[in-house]
Amino acid sequence: MKLYHGSLEKIDKPEIRVPNRTLDYGHGFYTTTSYQQAENWVRRKMKEHSASNGFVNVFEFDKEVLNTLNSLIFNAPTEEWLDFVMQNRTQKDFVHNYDIVFGPVANDRVYAAFALFEGGLLNKQNLIAELRTYKLVDQYLFHTEEALRTLSFIEAKEVTK
């Protein structure tokens, strides 16, 4: 299967970088099966950094690897997914030991719903029910060096203004 990673750089050798902010599934290398999601990310970064171009980096990935590595799979928003994302987003020192994590992207729209949950206006079950009505894009987090070795670079497609 093809996976996409949006960046201002061509990335033929993915690496794990510790971000300066909290992310859904922790630190690592994020990809998606959605070319459009990756391109949207590139365009957002281009705007933030006043860049004239960026890249959607394309990788080949054998999904069977999920059965051989320590993988955490969320096929839909669930209470377990919500708890995991909230741990990663709110507990600065939270670290997990999964090689690969797969599941929905908690985008800005999702975080508006999360804010209602955190404010006590939605309970966990209502939040999950709300999120299941959204068309959520997926993401794969490659959290370890072993996981990164399962990605094969194909190409970098340039994105311009």
# chains A, B, ... in the order shown; residues from 1 in each chain; ligands from 1
>>> residues_around(residues="Gln125 (chain A)", least_positions_apart="6", cutoff="10 Å", atoms="only C-alpha atoms", output="PDB file with N, CA and C atoms, in the first residue's frame")
ATOM      1  N   THR A  78     -12.917   5.148  19.364  1.00  0.00           N
ATOM      2  CA  THR A  78     -13.417   4.345  20.478  1.00  0.00           C
ATOM      3  C   THR A  78     -12.981   5.014  21.772  1.00  0.00           C
ATOM      4  N   GLU A  79     -13.464   4.522  22.882  1.00  0.00           N
ATOM      5  CA  GLU A  79     -13.024   5.064  24.169  1.00  0.00           C
ATOM      6  C   GLU A  79     -11.524   4.864  24.347  1.00  0.00           C
ATOM      7  N   PHE A 117     -15.795  17.972  25.450  1.00  0.00           N
ATOM      8  CA  PHE A 117     -15.607  16.859  26.386  1.00  0.00           C
ATOM      9  C   PHE A 117     -14.802  17.319  27.599  1.00  0.00           C
ATOM     10  N   LEU A 131     -18.020  11.816  17.115  1.00  0.00           N
ATOM     11  CA  LEU A 131     -16.871  11.595  16.232  1.00  0.00           C
ATOM     12  C   LEU A 131     -17.165  10.568  15.152  1.00  0.00           C
TER      13      LEU A 131
END
>>> residues_around(residues="region 64-75 of chain A", least_positions_apart="6", cutoff="12 Å", atoms="only C-alpha atoms", output="number ranges by chain")
A: 1, 25, 81-85, 96-105, 132, 136-151
>>> write_last_selection(atoms="N, CA, C and O atoms", output="short mmCIF file (atom, residue, chain, number, x, y, z; two decimals), in the first residue's frame")
data_model
loop_
_atom_site.label_atom_id
_atom_site.label_comp_id
_atom_site.auth_asym_id
_atom_site.auth_seq_id
_atom_site.Cartn_x
_atom_site.Cartn_y
_atom_site.Cartn_z
N MET A 1 0.84 -1.18 0.00
CA MET A 1 0.00 0.00 0.00
C MET A 1 0.88 1.24 0.00
O MET A 1 2.02 1.19 0.46
N TYR A 25 -0.45 10.55 18.62
CA TYR A 25 0.08 9.23 18.95
C TYR A 25 1.50 9.28 19.48
O TYR A 25 2.19 8.27 19.54
N TRP A 81 -9.25 4.67 21.98
CA TRP A 81 -8.57 5.64 21.10
C TRP A 81 -8.57 7.01 21.76
O TRP A 81 -7.54 7.68 21.81
N LEU A 82 -9.72 7.43 22.25
CA LEU A 82 -9.84 8.73 22.90
C LEU A 82 -8.88 8.84 24.08
O LEU A 82 -8.16 9.83 24.22
N ASP A 83 -8.85 7.81 24.92
CA ASP A 83 -7.95 7.82 26.07
C ASP A 83 -6.49 7.91 25.64
O ASP A 83 -5.71 8.67 26.21
N PHE A 84 -6.12 7.16 24.59
CA PHE A 84 -4.74 7.15 24.10
C PHE A 84 -4.36 8.53 23.55
O PHE A 84 -3.29 9.06 23.87
N VAL A 85 -5.22 9.11 22.73
CA VAL A 85 -4.95 10.43 22.16
C VAL A 85 -4.85 11.47 23.27
O VAL A 85 -3.92 12.30 23.27
N HIS A 96 4.74 5.68 25.02
CA HIS A 96 4.26 4.31 24.81
C HIS A 96 5.35 3.51 24.13
O HIS A 96 6.34 4.05 23.66
N ASN A 97 5.17 2.19 24.08
CA ASN A 97 6.20 1.32 23.51
C ASN A 97 5.77 0.64 22.22
O ASN A 97 6.33 -0.38 21.83
N TYR A 98 4.79 1.20 21.52
CA TYR A 98 4.34 0.61 20.25
C TYR A 98 5.30 1.00 19.12
O TYR A 98 5.80 2.11 19.08
N ASP A 99 5.51 0.06 18.21
CA ASP A 99 6.31 0.35 17.02
C ASP A 99 5.52 1.20 16.03
O ASP A 99 6.03 2.15 15.45
N ILE A 100 4.25 0.80 15.83
CA ILE A 100 3.37 1.47 14.88
C ILE A 100 2.01 1.66 15.54
O ILE A 100 1.50 0.74 16.20
N VAL A 101 1.43 2.84 15.34
CA VAL A 101 0.07 3.11 15.79
C VAL A 101 -0.72 3.56 14.57
O VAL A 101 -0.26 4.41 13.80
N PHE A 102 -1.90 2.98 14.38
CA PHE A 102 -2.78 3.34 13.27
C PHE A 102 -4.14 3.73 13.81
O PHE A 102 -4.66 3.09 14.72
N GLY A 103 -4.72 4.78 13.22
CA GLY A 103 -6.07 5.15 13.60
C GLY A 103 -6.47 6.48 13.00
O GLY A 103 -5.77 7.04 12.16
N PRO A 104 -7.61 7.01 13.45
CA PRO A 104 -8.11 8.28 12.93
C PRO A 104 -7.24 9.47 13.33
O PRO A 104 -6.60 9.45 14.38
N VAL A 105 -7.25 10.49 12.49
CA VAL A 105 -6.58 11.74 12.78
C VAL A 105 -7.51 12.58 13.66
O VAL A 105 -8.68 12.76 13.32
N ARG A 132 -18.01 9.62 15.46
CA ARG A 132 -18.34 8.59 14.46
C ARG A 132 -19.17 9.14 13.31
O ARG A 132 -19.29 8.49 12.28
N LEU A 136 -13.40 10.81 9.06
CA LEU A 136 -12.05 11.01 9.59
C LEU A 136 -11.01 10.39 8.67
O LEU A 136 -11.20 9.30 8.15
N VAL A 137 -9.92 11.09 8.50
CA VAL A 137 -8.78 10.59 7.74
C VAL A 137 -7.94 9.74 8.68
O VAL A 137 -7.96 9.92 9.89
N ASP A 138 -7.18 8.80 8.11
CA ASP A 138 -6.35 7.94 8.94
C ASP A 138 -4.92 8.45 9.04
O ASP A 138 -4.50 9.34 8.30
N GLN A 139 -4.20 7.88 9.98
CA GLN A 139 -2.77 8.17 10.12
C GLN A 139 -2.06 6.94 10.67
O GLN A 139 -2.62 6.17 11.44
N TYR A 140 -0.83 6.78 10.20
CA TYR A 140 0.09 5.76 10.72
C TYR A 140 1.24 6.50 11.38
O TYR A 140 1.87 7.35 10.75
N LEU A 141 1.52 6.14 12.62
CA LEU A 141 2.70 6.65 13.30
C LEU A 141 3.75 5.54 13.32
O LEU A 141 3.48 4.43 13.78
N PHE A 142 4.94 5.85 12.81
CA PHE A 142 6.09 4.95 12.90
C PHE A 142 6.93 5.48 14.05
O PHE A 142 7.54 6.53 13.94
N HIS A 143 6.92 4.74 15.16
CA HIS A 143 7.43 5.23 16.44
C HIS A 143 8.84 4.74 16.77
O HIS A 143 9.48 5.27 17.66
N THR A 144 9.31 3.70 16.06
CA THR A 144 10.63 3.13 16.35
C THR A 144 11.45 3.01 15.07
O THR A 144 10.90 3.02 13.96
N GLU A 145 12.74 2.86 15.24
CA GLU A 145 13.63 2.66 14.09
C GLU A 145 13.26 1.38 13.34
O GLU A 145 13.29 1.35 12.11
N GLU A 146 12.90 0.35 14.08
CA GLU A 146 12.48 -0.90 13.43
C GLU A 146 11.27 -0.67 12.54
O GLU A 146 11.19 -1.18 11.42
N ALA A 147 10.33 0.11 13.02
CA ALA A 147 9.14 0.42 12.22
C ALA A 147 9.51 1.22 10.98
O ALA A 147 9.00 0.96 9.88
N LEU A 148 10.40 2.20 11.12
CA LEU A 148 10.81 3.02 9.98
C LEU A 148 11.42 2.18 8.86
O LEU A 148 11.25 2.49 7.68
N ARG A 149 12.11 1.13 9.22
CA ARG A 149 12.76 0.27 8.21
C ARG A 149 11.75 -0.46 7.33
O ARG A 149 12.11 -1.01 6.30
N THR A 150 10.48 -0.44 7.70
CA THR A 150 9.45 -1.11 6.89
C THR A 150 8.92 -0.21 5.78
O THR A 150 8.15 -0.67 4.95
N LEU A 151 9.33 1.05 5.75
CA LEU A 151 8.90 1.99 4.72
C LEU A 151 9.92 2.02 3.58
O LEU A 151 11.12 2.10 3.84
#
>>> residues_around(residues="Gln37 (chain A)", least_positions_apart="5", cutoff="9 Å", atoms="only C-alpha atoms", output="VMD selection string")
chain A and resid 4 to 6 32 42 137 to 138
>>> write_last_selection(atoms="N, CA, C and O atoms", output="PDB file, in the first residue's frame")
ATOM      1  N   TYR A   4       1.559   8.397   2.538  1.00  0.00           N
ATOM      2  CA  TYR A   4       2.004   9.733   2.165  1.00  0.00           C
ATOM      3  C   TYR A   4       2.403  10.527   3.409  1.00  0.00           C
ATOM      4  O   TYR A   4       1.771  10.419   4.458  1.00  0.00           O
ATOM      5  N   HIS A   5       3.449  11.333   3.235  1.00  0.00           N
ATOM      6  CA  HIS A   5       3.925  12.203   4.306  1.00  0.00           C
ATOM      7  C   HIS A   5       4.161  13.587   3.722  1.00  0.00           C
ATOM      8  O   HIS A   5       4.985  13.759   2.823  1.00  0.00           O
ATOM      9  N   GLY A   6       3.423  14.573   4.223  1.00  0.00           N
ATOM     10  CA  GLY A   6       3.573  15.938   3.747  1.00  0.00           C
ATOM     11  C   GLY A   6       4.661  16.672   4.507  1.00  0.00           C
ATOM     12  O   GLY A   6       4.754  16.566   5.725  1.00  0.00           O
ATOM     13  N   THR A  32      -0.129   8.963   6.117  1.00  0.00           N
ATOM     14  CA  THR A  32      -1.556   8.724   5.918  1.00  0.00           C
ATOM     15  C   THR A  32      -1.756   8.002   4.590  1.00  0.00           C
ATOM     16  O   THR A  32      -0.904   8.072   3.707  1.00  0.00           O
ATOM     17  N   VAL A  42       0.997  19.940   3.649  1.00  0.00           N
ATOM     18  CA  VAL A  42       2.075  20.682   2.986  1.00  0.00           C
ATOM     19  C   VAL A  42       1.645  22.132   2.774  1.00  0.00           C
ATOM     20  O   VAL A  42       2.394  23.072   3.082  1.00  0.00           O
ATOM     21  N   VAL A 137      -9.916  11.090   8.505  1.00  0.00           N
ATOM     22  CA  VAL A 137      -8.777  10.588   7.736  1.00  0.00           C
ATOM     23  C   VAL A 137      -7.935   9.737   8.675  1.00  0.00           C
ATOM     24  O   VAL A 137      -7.955   9.917   9.890  1.00  0.00           O
ATOM     25  N   ASP A 138      -7.181   8.800   8.108  1.00  0.00           N
ATOM     26  CA  ASP A 138      -6.347   7.938   8.941  1.00  0.00           C
ATOM     27  C   ASP A 138      -4.918   8.445   9.037  1.00  0.00           C
ATOM     28  O   ASP A 138      -4.504   9.337   8.297  1.00  0.00           O
TER      29      ASP A 138
END
>>> residues_around(residues="Gly54 (chain A)", least_positions_apart="3", cutoff="10 Å", atoms="only C-alpha atoms", output="MDAnalysis selection string")
chainID A and resid 6:10 39 41:43 45:46 51 57 156:161
>>> write_last_selection(atoms="C-alpha atoms", output="compact mmCIF listing (two decimals), in the first residue's frame")
# COMPACT_ATOMS: atom_id res chain seq x y z
CA GLY A 6 3.57 15.94 3.75
CA SER A 7 6.62 18.11 4.39
CA LEU A 8 8.51 21.17 3.23
CA GLU A 9 11.37 18.77 2.46
CA LYS A 10 11.96 15.71 0.32
CA GLU A 39 -1.06 17.74 0.42
CA TRP A 41 -0.60 19.50 5.44
CA VAL A 42 2.07 20.68 2.99
CA ARG A 43 -0.03 23.69 1.98
CA LYS A 45 3.12 24.41 6.36
CA MET A 46 3.92 26.42 3.22
CA ALA A 51 7.47 28.74 1.55
CA ASN A 57 6.62 12.04 0.03
CA ALA A 156 8.54 13.04 -3.63
CA LYS A 157 5.81 14.95 -5.48
CA GLU A 158 6.35 18.69 -5.45
CA VAL A 159 3.53 20.95 -4.27
CA THR A 160 3.65 24.62 -5.32
CA LYS A 161 1.51 27.67 -4.57
>>> select_by_dssp(residues="region 32-70 of chain A", states="strand (DSSP E or B)", output="ChimeraX atom specification")
/A:32,53-61
>>> atom_distance(atom1="CA of Glu15 (chain A)", atom2="CA of Lys2 (chain A)")
17.9 Å
